[in-house]
Amino acid sequence: MTLETPGINSGSAPATAKVRIWDLPTRLFHWALVALVIAMVWTGSTGKLELHMTLGQAVLTLVLFRLVWGFTGNRYARFSAFVTGPVTCLRYLGSLFSSSGSTHVGHNPAGGYAVLAMLLLLAVQAGSGLFTSDDIFTDGPLFSKVSSETGALLSTVHRRTIWLLLGVIGLHLLANLFYLVVKKNDLISPMVTGCKTAPTAADAGRGGHPLLALVILAVCAVIVFGGIAFVK
Ligand code: HEM
Ligand code: HEM
């Protein structure tokens with residue numbers, strides 16, 4: 001953690017500093033996911049399906065990793081830090097345009113729901129892909145394991161969920177832009193550097209070690225790639 005001129009505030013306001021919020025694994029997860037989702041849409045819509053299916057299993061691996069990291073990552077990566085009740089979220093949304101609205105160090109309550117929605121839609125998109133067929137040359141690796149009706153249904157799910165997913169990602173980007181331009185609150189740089197100006201007590205501590213993340217990622221990859229190869 002790099003401390004910068006803490007204690008500039010007087011009175012009851014807490015001292016602020018550059019504190020580490022997002023651990024390295026969470027940031028790497030995020031930017032790898034962004035690259036993979038772009039690659040998935042490109043390979044899916046241009047028919048590069050062999051590459052599409054391999055990268056798709058990497059997406060599943062990342063989603064599984066993030067679920068586990070939600071219990072093992074640092075303070076702000078944990079679900080307990082950003083999954084709130086609907087009332088808290090509605091109250092937060094109600095105060096969004098007031099300058100006195102509360103600021104959150106990690107994901108705010110609405111952002112927390114967006115994170116859950118993206119992970120869920122990614123799991124449905126990638127999960128249904130396993131059972132999808134283009135009805136010509138290419139079948140998902142587990143397509144032959146289900147009846148033709150179920151395969152047709154999951155192929156439709158795969159072709160429709162992408163629009164929902166792209167919609168939520170669009171909202172995610174608009175929300176980041178809204179915070180940057182209207183609220184003058186740059187959420188993007190911290191997702192790159194890990195650091196944010198926040199009360200010194202907000203530091204995420206030492207949790208979320210990259211070595212632990214590497215072990216979890218390796219286990220997730222074995223489960224996804226190994227599991228699919230085994231069942232296929
Ligand atoms: C987040 C992950 C994924 C995204 C964003 C994604 C996206 C897409 C898109 C945009 C298409 C083109 C749909 C169309 O032509 O209307 C497609 C087709 C397809 N995807 Fe995925 N996909 C993902 C994961 C997977 C996975 C994990 C597999 C299998 C291992 C898979 C297998 C297929 C197959 C076989 C097709 C051809 C179906 C067709 O042409 O209708 N996808 N995907
Ligand atoms: C395919 C596109 C994208 C997907 C699927 C995606 C997904 C996600 C997910 C799952 C998280 C939660 C991170 C975690 O806790 O693990 C997140 C957070 C975040 N993303 Fe993205 N993202 C995408 C594109 C982008 C882009 C292009 C930017 C920047 C311009 C961005 C900026 C952020 C920021 C700043 C956060 C943290 C927000 C906060 O402070 O609460 N994302 N994103």
# chains A, B, ... in the order shown; residues from 1 in each chain; ligands from 1
>>> closest_atom_pairs(of="chain A", to="ligand 2", cutoff="7 Å", atoms="only C-alpha atoms and all ligand atoms", output="tab-separated table")
residue	atom	partner	partner_atom_place_in_ligand_line	distance
A:Thr26	CA	ligand 2	16 (O)	5.1
A:Phe29	CA	ligand 2	16 (O)	6.6
A:His30	CA	ligand 2	13 (C)	5.6
A:Leu33	CA	ligand 2	5 (C)	5.9
A:Val34	CA	ligand 2	1 (C)	3.9
A:Ala35	CA	ligand 2	1 (C)	6.9
A:Val37	CA	ligand 2	1 (C)	5.0
A:Ile38	CA	ligand 2	1 (C)	6.0
A:Arg66	CA	ligand 2	16 (O)	6.4
A:Ala77	CA	ligand 2	15 (O)	5.4
A:Gly106	CA	ligand 2	41 (O)	5.7
A:His107	CA	ligand 2	41 (O)	3.4
A:Asn108	CA	ligand 2	41 (O)	5.8
A:Gly111	CA	ligand 2	41 (O)	5.4
A:Val115	CA	ligand 2	10 (C)	4.8
A:Met118	CA	ligand 2	10 (C)	5.8
A:Leu119	CA	ligand 2	10 (C)	6.0
A:Ile169	CA	ligand 2	3 (C)	5.7
A:His172	CA	ligand 2	21 (Fe)	6.6
A:Leu173	CA	ligand 2	26 (C)	6.0
A:Asn176	CA	ligand 2	35 (C)	6.1
A:Leu187	CA	ligand 2	35 (C)	4.3
A:Ile188	CA	ligand 2	35 (C)	3.7
A:Ser189	CA	ligand 2	35 (C)	7.0
A:Pro190	CA	ligand 2	35 (C)	6.8
A:Met191	CA	ligand 2	35 (C)	5.2
>>> write_last_selection(atoms="C-alpha atoms", output="CSV table (one decimal), in the first residue's frame")
chain,number,residue,atom,x,y,z
A,26,THR,CA,-9.6,-9.4,-9.0
A,29,PHE,CA,-9.9,-11.5,-13.6
A,30,HIS,CA,-11.7,-8.3,-14.7
A,33,LEU,CA,-12.9,-11.4,-18.7
A,34,VAL,CA,-13.2,-8.2,-20.8
A,35,ALA,CA,-10.8,-9.6,-23.4
A,37,VAL,CA,-16.0,-11.7,-23.8
A,38,ILE,CA,-14.9,-9.5,-26.8
A,66,ARG,CA,-14.7,-15.5,-9.3
A,77,ALA,CA,-13.7,-8.9,-3.4
A,106,GLY,CA,-15.8,-1.1,-2.9
A,107,HIS,CA,-18.8,-1.9,-5.2
A,108,ASN,CA,-21.8,0.2,-4.3
A,111,GLY,CA,-22.9,-2.2,-8.7
A,115,VAL,CA,-21.7,-7.8,-10.8
A,118,MET,CA,-23.0,-10.3,-15.2
A,119,LEU,CA,-21.6,-13.4,-13.5
A,169,ILE,CA,-22.5,-4.9,-20.0
A,172,HIS,CA,-22.1,-1.3,-16.7
A,173,LEU,CA,-20.2,0.9,-19.1
A,176,ASN,CA,-18.9,3.9,-15.1
A,187,LEU,CA,-14.0,4.1,-10.7
A,188,ILE,CA,-11.9,3.0,-13.7
A,189,SER,CA,-8.4,3.9,-12.6
A,190,PRO,CA,-8.7,1.8,-9.3
A,191,MET,CA,-9.7,-1.2,-11.5
>>> residues_around(residues="Arg75 (chain A)", least_positions_apart="4", cutoff="8 Å", atoms="only C-alpha atoms", output="compact mmCIF listing (two decimals) with C-alpha atoms, in the first residue's frame")
# COMPACT_ATOMS: atom_id res chain seq x y z
CA ALA A 81 -18.82 -6.72 1.07
CA ALA A 204 -8.35 -4.09 2.33
CA GLY A 205 -5.49 -5.57 4.34
CA GLY A 207 -6.02 -10.90 2.06
>>> closest_residue(among="A:Phe131, A:Phe178, A:Trp163, A:Phe137", to="Gly151 (chain A)", atoms="only C-alpha atoms")
A:Phe131
>>> select_by_dssp(residues="chain A", states="helix (DSSP H, G or I)", output="ChimeraX atom specification")
/A:24-45,49-72,79-82,86-94,109-129,143-145,148-181,188-193,200-202,210-231
>>> closest_atom_pairs(of="chain A", to="ligand 1", cutoff="8 Å", atoms="only C-alpha atoms and all ligand atoms", output="JSON lines")
{"residue": "A:Leu36", "atom": "CA", "partner": "ligand 1", "partner_atom_place_in_ligand_line": "1 (C)", "distance": 7.7}
{"residue": "A:Val37", "atom": "CA", "partner": "ligand 1", "partner_atom_place_in_ligand_line": "5 (C)", "distance": 5.4}
{"residue": "A:Ile38", "atom": "CA", "partner": "ligand 1", "partner_atom_place_in_ligand_line": "5 (C)", "distance": 7.6}
{"residue": "A:Met40", "atom": "CA", "partner": "ligand 1", "partner_atom_place_in_ligand_line": "5 (C)", "distance": 4.8}
{"residue": "A:Val41", "atom": "CA", "partner": "ligand 1", "partner_atom_place_in_ligand_line": "10 (C)", "distance": 4.4}
{"residue": "A:Trp42", "atom": "CA", "partner": "ligand 1", "partner_atom_place_in_ligand_line": "10 (C)", "distance": 7.1}
{"residue": "A:Thr43", "atom": "CA", "partner": "ligand 1", "partner_atom_place_in_ligand_line": "9 (C)", "distance": 7.4}
{"residue": "A:Gly44", "atom": "CA", "partner": "ligand 1", "partner_atom_place_in_ligand_line": "11 (C)", "distance": 3.7}
{"residue": "A:Ser45", "atom": "CA", "partner": "ligand 1", "partner_atom_place_in_ligand_line": "12 (C)", "distance": 4.4}
{"residue": "A:Thr46", "atom": "CA", "partner": "ligand 1", "partner_atom_place_in_ligand_line": "12 (C)", "distance": 7.7}
{"residue": "A:Gly47", "atom": "CA", "partner": "ligand 1", "partner_atom_place_in_ligand_line": "40 (O)", "distance": 6.9}
{"residue": "A:Leu49", "atom": "CA", "partner": "ligand 1", "partner_atom_place_in_ligand_line": "34 (C)", "distance": 6.1}
{"residue": "A:His52", "atom": "CA", "partner": "ligand 1", "partner_atom_place_in_ligand_line": "42 (N)", "distance": 6.1}
{"residue": "A:Met53", "atom": "CA", "partner": "ligand 1", "partner_atom_place_in_ligand_line": "30 (C)", "distance": 3.7}
{"residue": "A:Thr54", "atom": "CA", "partner": "ligand 1", "partner_atom_place_in_ligand_line": "30 (C)", "distance": 6.3}
{"residue": "A:Leu55", "atom": "CA", "partner": "ligand 1", "partner_atom_place_in_ligand_line": "27 (C)", "distance": 7.1}
{"residue": "A:Gly56", "atom": "CA", "partner": "ligand 1", "partner_atom_place_in_ligand_line": "27 (C)", "distance": 3.5}
{"residue": "A:Gln57", "atom": "CA", "partner": "ligand 1", "partner_atom_place_in_ligand_line": "27 (C)", "distance": 5.0}
{"residue": "A:Ala58", "atom": "CA", "partner": "ligand 1", "partner_atom_place_in_ligand_line": "27 (C)", "distance": 7.9}
{"residue": "A:Val59", "atom": "CA", "partner": "ligand 1", "partner_atom_place_in_ligand_line": "1 (C)", "distance": 5.9}
{"residue": "A:Leu60", "atom": "CA", "partner": "ligand 1", "partner_atom_place_in_ligand_line": "27 (C)", "distance": 6.8}
{"residue": "A:Leu122", "atom": "CA", "partner": "ligand 1", "partner_atom_place_in_ligand_line": "1 (C)", "distance": 4.9}
{"residue": "A:Ala123", "atom": "CA", "partner": "ligand 1", "partner_atom_place_in_ligand_line": "1 (C)", "distance": 7.2}
{"residue": "A:Gln125", "atom": "CA", "partner": "ligand 1", "partner_atom_place_in_ligand_line": "1 (C)", "distance": 5.2}
{"residue": "A:Ala126", "atom": "CA", "partner": "ligand 1", "partner_atom_place_in_ligand_line": "24 (C)", "distance": 3.8}
{"residue": "A:Gly127", "atom": "CA", "partner": "ligand 1", "partner_atom_place_in_ligand_line": "27 (C)", "distance": 6.0}
{"residue": "A:Ser128", "atom": "CA", "partner": "ligand 1", "partner_atom_place_in_ligand_line": "26 (C)", "distance": 7.0}
{"residue": "A:Gly129", "atom": "CA", "partner": "ligand 1", "partner_atom_place_in_ligand_line": "31 (C)", "distance": 3.5}
{"residue": "A:Leu130", "atom": "CA", "partner": "ligand 1", "partner_atom_place_in_ligand_line": "29 (C)", "distance": 3.9}
{"residue": "A:Phe131", "atom": "CA", "partner": "ligand 1", "partner_atom_place_in_ligand_line": "29 (C)", "distance": 6.9}
{"residue": "A:Thr132", "atom": "CA", "partner": "ligand 1", "partner_atom_place_in_ligand_line": "35 (C)", "distance": 4.8}
{"residue": "A:Ser133", "atom": "CA", "partner": "ligand 1", "partner_atom_place_in_ligand_line": "35 (C)", "distance": 4.6}
{"residue": "A:Asp134", "atom": "CA", "partner": "ligand 1", "partner_atom_place_in_ligand_line": "39 (C)", "distance": 3.8}
{"residue": "A:Asp135", "atom": "CA", "partner": "ligand 1", "partner_atom_place_in_ligand_line": "39 (C)", "distance": 7.3}
{"residue": "A:Thr138", "atom": "CA", "partner": "ligand 1", "partner_atom_place_in_ligand_line": "35 (C)", "distance": 5.5}
{"residue": "A:Asp139", "atom": "CA", "partner": "ligand 1", "partner_atom_place_in_ligand_line": "35 (C)", "distance": 4.9}
{"residue": "A:Gly140", "atom": "CA", "partner": "ligand 1", "partner_atom_place_in_ligand_line": "35 (C)", "distance": 4.5}
{"residue": "A:Pro141", "atom": "CA", "partner": "ligand 1", "partner_atom_place_in_ligand_line": "30 (C)", "distance": 5.9}
{"residue": "A:Ser155", "atom": "CA", "partner": "ligand 1", "partner_atom_place_in_ligand_line": "41 (O)", "distance": 6.5}
{"residue": "A:Thr156", "atom": "CA", "partner": "ligand 1", "partner_atom_place_in_ligand_line": "41 (O)", "distance": 7.9}
{"residue": "A:His158", "atom": "CA", "partner": "ligand 1", "partner_atom_place_in_ligand_line": "43 (N)", "distance": 6.5}
{"residue": "A:Arg159", "atom": "CA", "partner": "ligand 1", "partner_atom_place_in_ligand_line": "16 (O)", "distance": 4.8}
{"residue": "A:Arg160", "atom": "CA", "partner": "ligand 1", "partner_atom_place_in_ligand_line": "16 (O)", "distance": 7.8}
{"residue": "A:Ile162", "atom": "CA", "partner": "ligand 1", "partner_atom_place_in_ligand_line": "5 (C)", "distance": 5.9}
{"residue": "A:Leu165", "atom": "CA", "partner": "ligand 1", "partner_atom_place_in_ligand_line": "5 (C)", "distance": 7.8}
>>> write_last_selection(atoms="N, CA and C atoms", output="CSV table (one decimal), in the first residue's frame")
chain,number,residue,atom,x,y,z
A,36,LEU,N,-11.8,-11.7,-23.0
A,36,LEU,CA,-12.4,-13.0,-23.4
A,36,LEU,C,-13.8,-12.8,-24.0
A,37,VAL,N,-14.6,-11.9,-23.3
A,37,VAL,CA,-16.0,-11.7,-23.8
A,37,VAL,C,-15.9,-11.0,-25.2
A,38,ILE,N,-15.0,-10.1,-25.5
A,38,ILE,CA,-14.9,-9.5,-26.8
A,38,ILE,C,-14.5,-10.6,-27.8
A,40,MET,N,-15.2,-13.8,-27.5
A,40,MET,CA,-16.3,-14.7,-27.7
A,40,MET,C,-17.3,-14.2,-28.6
A,41,VAL,N,-17.6,-12.9,-28.5
A,41,VAL,CA,-18.6,-12.3,-29.5
A,41,VAL,C,-18.1,-12.4,-30.9
A,42,TRP,N,-16.8,-12.1,-31.0
A,42,TRP,CA,-16.2,-12.1,-32.4
A,42,TRP,C,-16.1,-13.5,-33.0
A,43,THR,N,-15.6,-14.4,-32.2
A,43,THR,CA,-15.5,-15.8,-32.7
A,43,THR,C,-16.9,-16.4,-33.0
A,44,GLY,N,-17.8,-16.1,-32.1
A,44,GLY,CA,-19.2,-16.7,-32.2
A,44,GLY,C,-19.9,-16.1,-33.5
A,45,SER,N,-19.8,-14.8,-33.7
A,45,SER,CA,-20.5,-14.2,-34.8
A,45,SER,C,-19.8,-14.4,-36.1
A,46,THR,N,-18.5,-14.8,-36.1
A,46,THR,CA,-17.8,-15.0,-37.4
A,46,THR,C,-17.6,-16.5,-37.7
A,47,GLY,N,-18.1,-17.3,-36.8
A,47,GLY,CA,-18.1,-18.8,-37.1
A,47,GLY,C,-16.8,-19.4,-36.8
A,49,LEU,N,-15.6,-21.4,-34.6
A,49,LEU,CA,-16.2,-22.0,-33.5
A,49,LEU,C,-15.3,-22.9,-32.7
A,52,HIS,N,-13.8,-20.5,-30.5
A,52,HIS,CA,-14.9,-20.1,-29.6
A,52,HIS,C,-15.1,-21.0,-28.5
A,53,MET,N,-15.1,-22.3,-28.8
A,53,MET,CA,-15.4,-23.3,-27.8
A,53,MET,C,-14.3,-23.5,-26.7
A,54,THR,N,-13.1,-23.3,-27.2
A,54,THR,CA,-11.9,-23.4,-26.2
A,54,THR,C,-12.0,-22.2,-25.3
A,55,LEU,N,-12.1,-21.0,-25.9
A,55,LEU,CA,-12.1,-19.8,-25.1
A,55,LEU,C,-13.3,-19.8,-24.2
A,56,GLY,N,-14.4,-20.4,-24.6
A,56,GLY,CA,-15.7,-20.4,-23.8
A,56,GLY,C,-15.4,-21.2,-22.5
A,57,GLN,N,-14.6,-22.2,-22.6
A,57,GLN,CA,-14.3,-23.0,-21.4
A,57,GLN,C,-13.4,-22.1,-20.4
A,58,ALA,N,-12.6,-21.3,-21.0
A,58,ALA,CA,-11.8,-20.3,-20.2
A,58,ALA,C,-12.7,-19.4,-19.5
A,59,VAL,N,-13.8,-18.9,-20.2
A,59,VAL,CA,-14.8,-18.0,-19.5
A,59,VAL,C,-15.4,-18.7,-18.3
A,60,LEU,N,-15.8,-20.0,-18.6
A,60,LEU,CA,-16.4,-20.8,-17.5
A,60,LEU,C,-15.5,-20.9,-16.3
A,122,LEU,N,-23.1,-14.7,-17.6
A,122,LEU,CA,-22.0,-15.3,-18.2
A,122,LEU,C,-22.0,-16.8,-18.0
A,123,ALA,N,-22.5,-17.2,-16.8
A,123,ALA,CA,-22.6,-18.7,-16.5
A,123,ALA,C,-23.6,-19.3,-17.4
A,125,GLN,N,-24.7,-18.1,-20.4
A,125,GLN,CA,-24.2,-18.1,-21.8
A,125,GLN,C,-23.2,-19.2,-22.0
A,126,ALA,N,-22.2,-19.3,-21.2
A,126,ALA,CA,-21.1,-20.2,-21.4
A,126,ALA,C,-21.6,-21.7,-21.1
A,127,GLY,N,-22.5,-21.8,-20.1
A,127,GLY,CA,-23.0,-23.1,-19.8
A,127,GLY,C,-23.9,-23.7,-20.9
A,128,SER,N,-24.8,-22.8,-21.5
A,128,SER,CA,-25.6,-23.3,-22.6
A,128,SER,C,-24.8,-23.5,-23.8
A,129,GLY,N,-23.7,-22.8,-24.0
A,129,GLY,CA,-22.8,-23.0,-25.2
A,129,GLY,C,-22.3,-24.5,-25.2
A,130,LEU,N,-22.1,-25.1,-24.1
A,130,LEU,CA,-21.7,-26.5,-24.1
A,130,LEU,C,-22.6,-27.4,-24.8
A,131,PHE,N,-23.9,-27.1,-24.8
A,131,PHE,CA,-25.0,-27.9,-25.4
A,131,PHE,C,-25.6,-27.3,-26.6
A,132,THR,N,-24.8,-26.4,-27.2
A,132,THR,CA,-25.3,-25.7,-28.4
A,132,THR,C,-24.8,-26.3,-29.7
A,133,SER,N,-25.6,-26.3,-30.8
A,133,SER,CA,-25.2,-26.7,-32.1
A,133,SER,C,-25.5,-25.7,-33.1
A,134,ASP,N,-24.7,-25.6,-34.1
A,134,ASP,CA,-25.1,-24.6,-35.2
A,134,ASP,C,-25.9,-25.4,-36.3
A,135,ASP,N,-26.3,-26.6,-36.0
A,135,ASP,CA,-27.1,-27.5,-36.9
A,135,ASP,C,-26.4,-27.8,-38.2
A,138,THR,N,-20.9,-27.8,-36.4
A,138,THR,CA,-20.2,-27.7,-35.1
A,138,THR,C,-21.2,-28.0,-33.9
A,139,ASP,N,-20.9,-28.9,-33.1
A,139,ASP,CA,-21.7,-29.1,-31.9
A,139,ASP,C,-20.9,-28.7,-30.6
A,140,GLY,N,-21.5,-28.1,-29.7
A,140,GLY,CA,-20.8,-27.9,-28.4
A,140,GLY,C,-20.4,-29.3,-27.8
A,141,PRO,N,-19.4,-29.3,-26.9
A,141,PRO,CA,-18.8,-30.6,-26.5
A,141,PRO,C,-19.8,-31.5,-25.8
A,155,SER,N,-29.6,-24.2,-27.4
A,155,SER,CA,-29.1,-23.4,-28.5
A,155,SER,C,-29.8,-22.1,-28.6
A,156,THR,N,-31.1,-22.1,-28.4
A,156,THR,CA,-31.9,-20.9,-28.4
A,156,THR,C,-31.5,-20.0,-27.2
A,158,HIS,N,-28.7,-19.9,-25.8
A,158,HIS,CA,-27.3,-19.4,-26.1
A,158,HIS,C,-27.4,-18.2,-27.1
A,159,ARG,N,-28.3,-18.3,-28.1
A,159,ARG,CA,-28.5,-17.2,-29.1
A,159,ARG,C,-29.2,-16.0,-28.5
A,160,ARG,N,-30.0,-16.2,-27.5
A,160,ARG,CA,-30.8,-15.1,-26.9
A,160,ARG,C,-30.1,-14.4,-25.7
A,162,ILE,N,-27.2,-13.8,-25.2
A,162,ILE,CA,-26.1,-12.9,-25.5
A,162,ILE,C,-26.6,-11.4,-25.5
A,165,LEU,N,-26.9,-10.2,-22.0
A,165,LEU,CA,-25.5,-10.0,-21.5
A,165,LEU,C,-25.0,-8.7,-22.0
>>> atom_distance(atom1="CA of Phe225 (chain A)", atom2="CA of Leu51 (chain A)")
14.0 Å
>>> residues_around(residues="Ala198 (chain A)", least_positions_apart="3", cutoff="10 Å", atoms="only C-alpha atoms", output="number ranges by chain")
A: 6, 14-21, 103-105, 195, 201-203
>>> atom_distance(atom1="CA of Lys232 (chain A)", atom2="CA of Ala213 (chain A)")
27.9 Å
>>> closest_residue(among="A:Val68, A:Leu153, A:Leu28, A:Ala229", to="Val215 (chain A)", atoms="only C-alpha atoms")
A:Val68
>>> residues_around(residues="Ser80 (chain A)", least_positions_apart="6", cutoff="12 Å", atoms="only C-alpha atoms", output="VMD selection string")
chain A and resid 69 to 74 106 to 107 109 112
